[in-house]
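Below: structure_4.cif (mmCIF, C-alpha atoms and all ligand atoms)
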data_model
#
loop_
_atom_site.group_PDB
_atom_site.id
_atom_site.type_symbol
_atom_site.label_atom_id
_atom_site.label_comp_id
_atom_site.auth_asym_id
_atom_site.auth_seq_id
_atom_site.Cartn_x
_atom_site.Cartn_y
_atom_site.Cartn_z
ATOM 1 C CA MET A 1 116.081 114.302 143.233
ATOM 2 C CA PRO A 2 116.623 115.964 139.848
ATOM 3 C CA LYS A 3 120.187 116.911 139.045
ATOM 4 C CA ILE A 4 120.844 120.620 139.062
ATOM 5 C CA ILE A 5 123.074 121.893 136.291
ATOM 6 C CA SER A 6 125.306 124.478 137.869
ATOM 7 C CA GLN A 7 127.708 124.995 134.995
ATOM 8 C CA SER A 8 127.025 126.127 131.460
ATOM 9 C CA ILE A 9 126.675 123.306 128.948
ATOM 10 C CA VAL A 10 129.630 123.294 126.545
ATOM 11 C CA GLY A 11 128.827 120.161 124.621
ATOM 12 C CA TYR A 12 126.801 116.982 124.711
ATOM 13 C CA LYS A 13 126.885 113.441 123.445
ATOM 14 C CA VAL A 14 123.878 111.229 122.674
ATOM 15 C CA LYS A 15 124.226 107.783 124.200
ATOM 16 C CA ALA A 16 124.573 105.286 121.403
ATOM 17 C CA ASP A 17 121.898 102.594 121.226
ATOM 18 C CA GLU A 18 123.992 99.488 121.759
ATOM 19 C CA LYS A 19 122.749 96.561 119.722
ATOM 20 C CA PRO A 20 124.212 93.103 119.933
ATOM 21 C CA VAL A 21 126.782 92.662 117.162
ATOM 22 C CA GLU A 22 125.070 89.546 115.848
ATOM 23 C CA GLU A 23 121.748 91.318 115.257
ATOM 24 C CA LYS A 24 123.426 94.143 113.346
ATOM 25 C CA LYS A 25 125.218 91.711 111.109
ATOM 26 C CA GLN A 26 122.034 89.829 110.310
ATOM 27 C CA SER A 27 120.001 92.908 109.397
ATOM 28 C CA ALA A 28 122.783 94.116 107.136
ATOM 29 C CA GLU A 29 122.425 90.999 105.009
ATOM 30 C CA ILE A 30 118.696 91.371 104.420
ATOM 31 C CA VAL A 31 118.080 93.501 101.359
ATOM 32 C CA GLN A 32 115.293 96.031 101.844
ATOM 33 C CA MET A 33 113.770 98.012 99.000
ATOM 34 C CA HIS A 34 115.495 101.356 98.514
ATOM 35 C CA GLU A 35 116.386 103.658 95.660
ATOM 36 C CA SER A 36 119.762 102.142 94.866
ATOM 37 C CA VAL A 37 118.626 98.523 94.559
ATOM 38 C CA ALA A 38 119.883 97.754 91.049
ATOM 39 C CA ARG A 39 117.336 96.586 88.522
ATOM 40 C CA PRO A 40 117.954 92.932 87.676
ATOM 41 C CA GLU A 41 118.088 92.010 83.984
ATOM 42 C CA MET A 42 114.877 90.046 84.322
ATOM 43 C CA LEU A 43 111.776 90.945 86.310
ATOM 44 C CA LEU A 44 108.458 89.124 86.721
ATOM 45 C CA GLY A 45 105.614 91.037 85.151
ATOM 46 C CA SER A 46 101.816 90.944 85.305
ATOM 47 C CA THR A 47 99.725 92.699 82.685
ATOM 48 C CA TYR A 48 96.206 93.925 83.390
ATOM 49 C CA LYS A 49 93.770 94.886 80.659
ATOM 50 C CA VAL A 50 91.673 97.899 81.533
ATOM 51 C CA LYS A 51 88.705 98.412 79.241
ATOM 52 C CA THR A 52 86.530 101.393 79.966
ATOM 53 C CA PRO A 53 83.469 102.781 78.202
ATOM 54 C CA LEU A 54 85.430 106.056 77.950
ATOM 55 C CA SER A 55 87.522 104.822 75.021
ATOM 56 C CA ASP A 56 87.394 102.300 72.188
ATOM 57 C CA HIS A 57 90.916 101.208 73.007
ATOM 58 C CA ALA A 58 91.839 99.226 76.083
ATOM 59 C CA LEU A 59 94.663 100.211 78.371
ATOM 60 C CA TYR A 60 97.319 97.624 79.207
ATOM 61 C CA MET A 61 98.950 97.998 82.579
ATOM 62 C CA THR A 62 102.123 96.052 83.345
ATOM 63 C CA ILE A 63 103.582 95.874 86.842
ATOM 64 C CA ASN A 64 107.030 94.301 87.148
ATOM 65 C CA ASP A 65 108.012 92.839 90.503
ATOM 66 C CA ILE A 66 111.397 92.334 92.095
ATOM 67 C CA VAL A 67 112.047 89.410 94.428
ATOM 68 C CA LEU A 68 114.280 90.454 97.326
ATOM 69 C CA ASN A 69 116.310 87.888 99.284
ATOM 70 C CA PRO A 70 115.174 85.009 97.053
ATOM 71 C CA GLY A 71 115.312 81.566 98.576
ATOM 72 C CA THR A 72 115.635 82.875 102.140
ATOM 73 C CA GLU A 73 113.061 83.274 104.890
ATOM 74 C CA HIS A 74 113.131 87.007 104.120
ATOM 75 C CA GLU A 75 112.037 86.505 100.526
ATOM 76 C CA LEU A 76 109.783 89.378 99.562
ATOM 77 C CA ARG A 77 108.107 90.164 96.260
ATOM 78 C CA ARG A 78 107.638 93.873 95.725
ATOM 79 C CA PRO A 79 106.423 95.931 92.784
ATOM 80 C CA PHE A 80 109.358 97.629 91.046
ATOM 81 C CA GLU A 81 107.960 99.511 88.060
ATOM 82 C CA ILE A 82 104.753 100.129 86.129
ATOM 83 C CA PHE A 83 104.082 100.720 82.444
ATOM 84 C CA ILE A 84 100.826 101.647 80.774
ATOM 85 C CA ASN A 85 100.264 101.185 77.056
ATOM 86 C CA SER A 86 97.327 102.131 74.893
ATOM 87 C CA LYS A 87 96.504 102.955 71.314
ATOM 88 C CA ASN A 88 94.529 105.841 72.700
ATOM 89 C CA MET A 89 96.851 108.849 72.909
ATOM 90 C CA ASP A 90 94.329 111.214 74.563
ATOM 91 C CA HIS A 91 95.721 110.609 78.007
ATOM 92 C CA PHE A 92 99.320 110.074 76.958
ATOM 93 C CA GLN A 93 101.143 112.789 78.887
ATOM 94 C CA TRP A 94 99.474 112.361 82.264
ATOM 95 C CA VAL A 95 99.582 108.585 81.992
ATOM 96 C CA VAL A 96 103.352 108.729 81.406
ATOM 97 C CA ALA A 97 103.725 111.177 84.313
ATOM 98 C CA LEU A 98 101.625 108.951 86.571
ATOM 99 C CA THR A 99 103.559 105.778 85.756
ATOM 100 C CA ARG A 100 106.901 107.510 86.419
ATOM 101 C CA VAL A 101 105.722 108.796 89.787
ATOM 102 C CA ILE A 102 104.254 105.409 90.758
ATOM 103 C CA SER A 103 107.458 103.589 89.717
ATOM 104 C CA ALA A 104 109.501 106.052 91.798
ATOM 105 C CA VAL A 105 107.316 105.340 94.841
ATOM 106 C CA PHE A 106 107.740 101.577 94.289
ATOM 107 C CA ARG A 107 111.530 101.919 94.143
ATOM 108 C CA LYS A 108 111.778 104.171 97.195
ATOM 109 C CA GLY A 109 110.763 101.222 99.348
ATOM 110 C CA GLY A 110 108.511 101.331 102.381
ATOM 111 C CA ASP A 111 104.755 101.080 102.265
ATOM 112 C CA CYS A 112 103.318 101.628 98.786
ATOM 113 C CA THR A 113 99.807 100.320 99.422
ATOM 114 C CA PHE A 114 98.504 103.857 100.012
ATOM 115 C CA LEU A 115 98.848 104.445 96.254
ATOM 116 C CA ALA A 116 95.861 102.182 95.552
ATOM 117 C CA GLU A 117 93.684 104.031 98.086
ATOM 118 C CA GLU A 118 94.712 107.474 96.811
ATOM 119 C CA LEU A 119 94.104 106.650 93.156
ATOM 120 C CA LYS A 120 90.825 104.857 93.816
ATOM 121 C CA ALA A 121 89.472 108.021 95.461
ATOM 122 C CA VAL A 122 89.916 110.161 92.331
ATOM 123 C CA PHE A 123 86.600 111.272 90.821
ATOM 124 C CA ASP A 124 86.253 112.307 87.203
ATOM 125 C CA PRO A 125 84.141 115.507 87.095
ATOM 126 C CA LYS A 126 82.598 114.196 83.852
ATOM 127 C CA GLY A 127 81.254 111.250 85.835
ATOM 128 C CA GLY A 128 82.332 107.684 86.349
ATOM 129 C CA TYR A 129 80.932 104.483 84.888
ATOM 130 C CA PHE A 130 79.872 100.977 85.806
ATOM 131 C CA LYS A 131 82.074 98.021 85.010
ATOM 132 C CA PRO A 132 80.598 94.703 83.914
ATOM 133 C CA GLY A 133 79.364 93.121 87.129
ATOM 134 C CA GLY A 134 78.009 96.420 88.415
ATOM 135 C CA LYS A 135 81.055 97.865 90.181
ATOM 136 C CA PHE A 136 81.241 101.642 90.050
ATOM 137 C CA MET A 137 84.447 103.282 88.840
ATOM 138 C CA PRO A 138 84.628 106.988 89.578
ATOM 139 C CA SER A 139 87.404 107.631 87.010
ATOM 140 C CA LEU A 140 90.105 106.099 84.816
ATOM 141 C CA VAL A 141 92.664 106.960 87.509
ATOM 142 C CA ALA A 142 90.538 105.016 90.016
ATOM 143 C CA GLU A 143 90.565 102.064 87.640
ATOM 144 C CA ILE A 144 94.380 102.163 87.574
ATOM 145 C CA GLY A 145 94.314 102.275 91.396
ATOM 146 C CA ASP A 146 91.945 99.298 91.431
ATOM 147 C CA ALA A 147 94.302 97.278 89.212
ATOM 148 C CA ILE A 148 97.274 98.174 91.454
ATOM 149 C CA GLU A 149 95.229 97.044 94.452
ATOM 150 C CA SER A 150 94.451 93.655 92.908
ATOM 151 C CA HIS A 151 98.129 93.269 92.052
ATOM 152 C CA LEU A 152 99.235 94.065 95.621
ATOM 153 C CA LYS A 153 96.689 91.529 96.893
ATOM 154 C CA MET A 154 97.965 88.952 94.416
ATOM 155 C CA ILE A 155 101.599 89.295 95.571
ATOM 156 C CA GLY A 156 100.566 89.382 99.221
ATOM 157 C CA LEU A 157 101.437 92.980 100.117
ATOM 158 C CA LEU A 158 97.783 93.785 100.763
ATOM 159 C CA GLU A 159 95.418 91.585 102.679
ATOM 160 C CA ASP A 160 92.336 90.442 100.852
ATOM 161 C CA PRO A 161 89.642 90.412 103.524
ATOM 162 C CA GLY A 162 86.929 89.258 101.115
ATOM 163 C CA LEU A 163 83.849 87.639 102.582
ATOM 164 C CA ASP A 164 84.227 84.905 105.172
ATOM 165 C CA GLU A 165 82.310 81.630 104.884
ATOM 166 C CA HIS A 166 79.474 82.873 107.072
ATOM 167 C CA GLN A 167 79.060 86.159 105.184
ATOM 168 C CA GLN A 168 79.178 84.390 101.830
ATOM 169 C CA ALA A 169 76.479 81.939 102.964
ATOM 170 C CA LEU A 170 74.310 84.859 104.057
ATOM 171 C CA VAL A 171 74.757 86.634 100.717
ATOM 172 C CA ASN A 172 73.890 83.425 98.813
ATOM 173 C CA GLU A 173 70.815 82.887 100.964
ATOM 174 C CA LYS A 174 69.601 86.467 100.466
ATOM 175 C CA ARG A 175 70.168 86.130 96.765
ATOM 176 C CA LYS A 176 68.167 82.908 96.526
ATOM 177 C CA GLU A 177 65.374 84.474 98.562
ATOM 178 C CA TYR A 178 65.273 87.440 96.222
ATOM 179 C CA GLU A 179 65.325 85.267 93.110
ATOM 180 C CA SER A 180 62.378 83.172 94.310
ATOM 181 C CA LEU A 181 60.461 86.346 95.171
ATOM 182 C CA GLN A 182 61.091 87.563 91.643
ATOM 183 C CA GLN A 183 59.886 84.291 90.116
ATOM 184 C CA GLN A 184 56.617 84.474 92.074
ATOM 185 C CA GLY A 185 55.905 88.061 91.104
ATOM 186 C CA ASN A 186 57.681 87.869 87.767
ATOM 187 C CA ALA A 187 58.315 91.576 88.046
ATOM 188 C CA THR A 188 61.842 92.519 87.024
ATOM 189 C CA GLY A 189 64.406 90.421 85.203
ATOM 190 C CA TYR A 190 67.498 89.007 86.827
ATOM 191 C CA ASN A 191 70.055 89.223 84.086
ATOM 192 C CA GLY A 192 73.754 89.520 84.594
ATOM 193 C CA ASP A 193 75.278 89.527 88.029
ATOM 194 C CA TYR A 194 72.656 91.518 89.910
ATOM 195 C CA PRO A 195 68.962 92.243 89.459
ATOM 196 C CA GLU A 196 67.901 94.968 87.100
ATOM 197 C CA GLY A 197 67.125 98.116 89.018
ATOM 198 C CA ALA A 198 69.395 97.184 91.913
ATOM 199 C CA GLN A 199 70.625 100.225 93.795
ATOM 200 C CA MET A 200 74.182 101.283 94.374
ATOM 201 C CA CYS A 201 75.615 99.853 97.604
ATOM 202 C CA ASN A 202 77.645 102.521 99.393
ATOM 203 C CA LYS A 203 79.853 99.945 101.047
ATOM 204 C CA CYS A 204 81.191 98.028 98.042
ATOM 205 C CA MET A 205 80.219 100.509 95.293
ATOM 206 C CA THR A 206 78.315 97.855 93.353
ATOM 207 C CA LYS A 207 74.817 98.154 91.904
ATOM 208 C CA ALA A 208 73.616 95.177 93.909
ATOM 209 C CA ALA A 209 71.388 96.495 96.720
ATOM 210 C CA VAL A 210 67.763 95.362 96.596
ATOM 211 C CA LEU A 211 64.800 95.971 98.907
ATOM 212 C CA MET A 212 64.013 92.875 100.966
ATOM 213 C CA ASP A 213 61.578 92.893 103.917
ATOM 214 C CA GLY A 214 61.910 96.660 104.121
ATOM 215 C CA CYS A 215 65.712 96.537 104.205
ATOM 216 C CA MET A 216 68.109 97.531 101.484
ATOM 217 C CA THR A 217 70.295 94.440 101.241
ATOM 218 C CA CYS A 218 73.407 94.198 99.104
ATOM 219 C CA LEU A 219 73.665 90.947 97.153
ATOM 220 C CA SER A 220 77.381 91.499 96.629
ATOM 221 C CA CYS A 221 78.807 92.216 100.090
ATOM 222 C CA GLY A 222 75.813 91.389 102.283
ATOM 223 C CA ASP A 223 75.551 94.879 103.768
ATOM 224 C CA SER A 224 72.030 95.522 105.027
ATOM 225 C CA LYS A 225 70.377 98.773 106.026
ATOM 226 C CA CYS A 226 66.958 98.754 107.619
ATOM 227 C CA GLY A 227 64.651 101.693 107.809
HETATM 228 ZN ZN ZN A 301 77.681 95.977 98.880
#

What does this structure look like when you write it as structure tokens?
Ligand SMILES: [Zn+2]
Amino acid sequence: MPKIISQSIVGYKVKADEKPVEEKKQSAEIVQMHESVARPEMLLGSTYKVKTPLSDHALYMTINDIVLNPGTEHELRRPFEIFINSKNMDHFQWVVALTRVISAVFRKGGDCTFLAEELKAVFDPKGGYFKPGGKFMPSLVAEIGDAIESHLKMIGLLEDPGLDEHQQALVNEKRKEYESLQQQGNATGYNGDYPEGAQMCNKCMTKAAVLMDGCMTCLSCGDSKCG
């Protein structure tokens, strides 16, 4: 039977969530990333060179990491700040703004992997470009996002699904098949990573999809579309 409240409510108290004392003590010792974590004198840095066809000068991106709870089972390496340097001053003010915002997100703590996804989705209205190896970059901002993503994978904050053994074997097999077909017909050259005239694969954004047995097959990620 539900309780009937017959008197007017004059006050209330929320029942406290009782945690065992031991657990509380333990969690208090583990340092989590938050705004007031002081910057140590020395941080580990990784510098990424970003060379685009948009500019003669490369961009150098440095991400410094902080190691929380070093030497314990809760050891965690997290990005702490980002700097971007270039001789090219065209993009100076928005690059500075971007790095400050990204650094602030890093220092806030919590999940920062969304940054890579957000930046990678930025399209330059003037059009993107292909990187060596055939990967499509929709903008310079996307390239910065891509570098952040590889960094987060390197320090283990993002999983790198990659291709498993089976998928990789399939891709290699398809590639061999295509190469031997090309040698027989001697039609188009196979220079660089992927055949000349390969189409853009919508799954991995690489110019690596070729027509094989009536199917567009990607020689980079193995994606295959028949029809
Ligand atoms: Zn692909």

Exercise. Kindly resolve the PyMOL selection byres (((chain A and resi 137-154) around 8) and not hetatm) on the present coordinates and return the residues as a PyMOL selection string.
Key: chain A and resi 48+50+52+61+63+79+113+115-124+127-131+135-136+155-160

Quiz item: Which residues fall under the PyMOL selection byres (((chain A and resi 170-172) around 7) and not hetatm) in this file, as a PyMOL selection string?
Solution: chain A and resi 166-169+173-176+219-222

Self-check item: Distance filter 8 Å around ligand ZN 301 (chain A), atoms: all atoms listed in the file, out as a ChimeraX atom specification
Solution: /A:200-209,217-223

Exercise. State, in Å with one decimal place, the distance from CA of Arg107 (chain A) to CA of Gln93 (chain A).
Key: 21.4 Å

Quiz prompt | Distance criterion (only C-alpha atoms): nearest to Pro70 (chain A) out of A:Lys51, A:Ser36, A:Val31, A:Thr99 | solution = A:Val31

Quiz item: Which is closer to Arg39 (chain A) than all the others in A:His74, A:Ile9, A:Phe80, A:Ala58, using all atoms listed in the file?
Solution: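 Comparing A:His74, A:Ile9, A:Phe80, A:Ala58 against Arg39 (chain A), the winner is A:Phe80.
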
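Going from CA of Leu44 (chain A) over to CA of Arg78 (chain A), you cover 10.2 Å.
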
Quiz item: Can you list, as a count of residues only, every protein, DNA or RNA residue that comes within 9 Å of Gly45 (chain A) when you count all atoms listed in the file, leaving out same-chain residues fewer than 3 positions away?
Solution: 4

Quiz item: CA of Ser46 (chain A) to CA of Arg77 (chain A): how many Å, to one decimal?
Solution: 12.7 Å

Quiz prompt | Result set, the PyMOL selection byres (((chain A and resi 86) around 8) and not hetatm) on current file, as a PyMOL selection string | solution = chain A and resi 57-60+84-85+87-89

Practice problem: Name the closest residue to Asp193 (chain A) among the candidates A:Gly133, A:Lys225, A:Leu181, A:Phe106; distances are taken between atoms, counting all atoms listed in the file. | Solution: A:Gly133

Quiz prompt | Of the listed residues A:Leu163, A:Ile82, A:Met216, A:Met42, that which approaches Leu98 (chain A) most closely, counting all atoms listed in the file | solution =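 Answer, going by the shortest atom-to-atom distance: A:Ile82.
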
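In this comparison, which uses all atoms listed in the file, the residue of A:Leu43, A:Ala104, A:Ile30, A:Val95 approaching Glu75 (chain A) most closely is A:Ile30.
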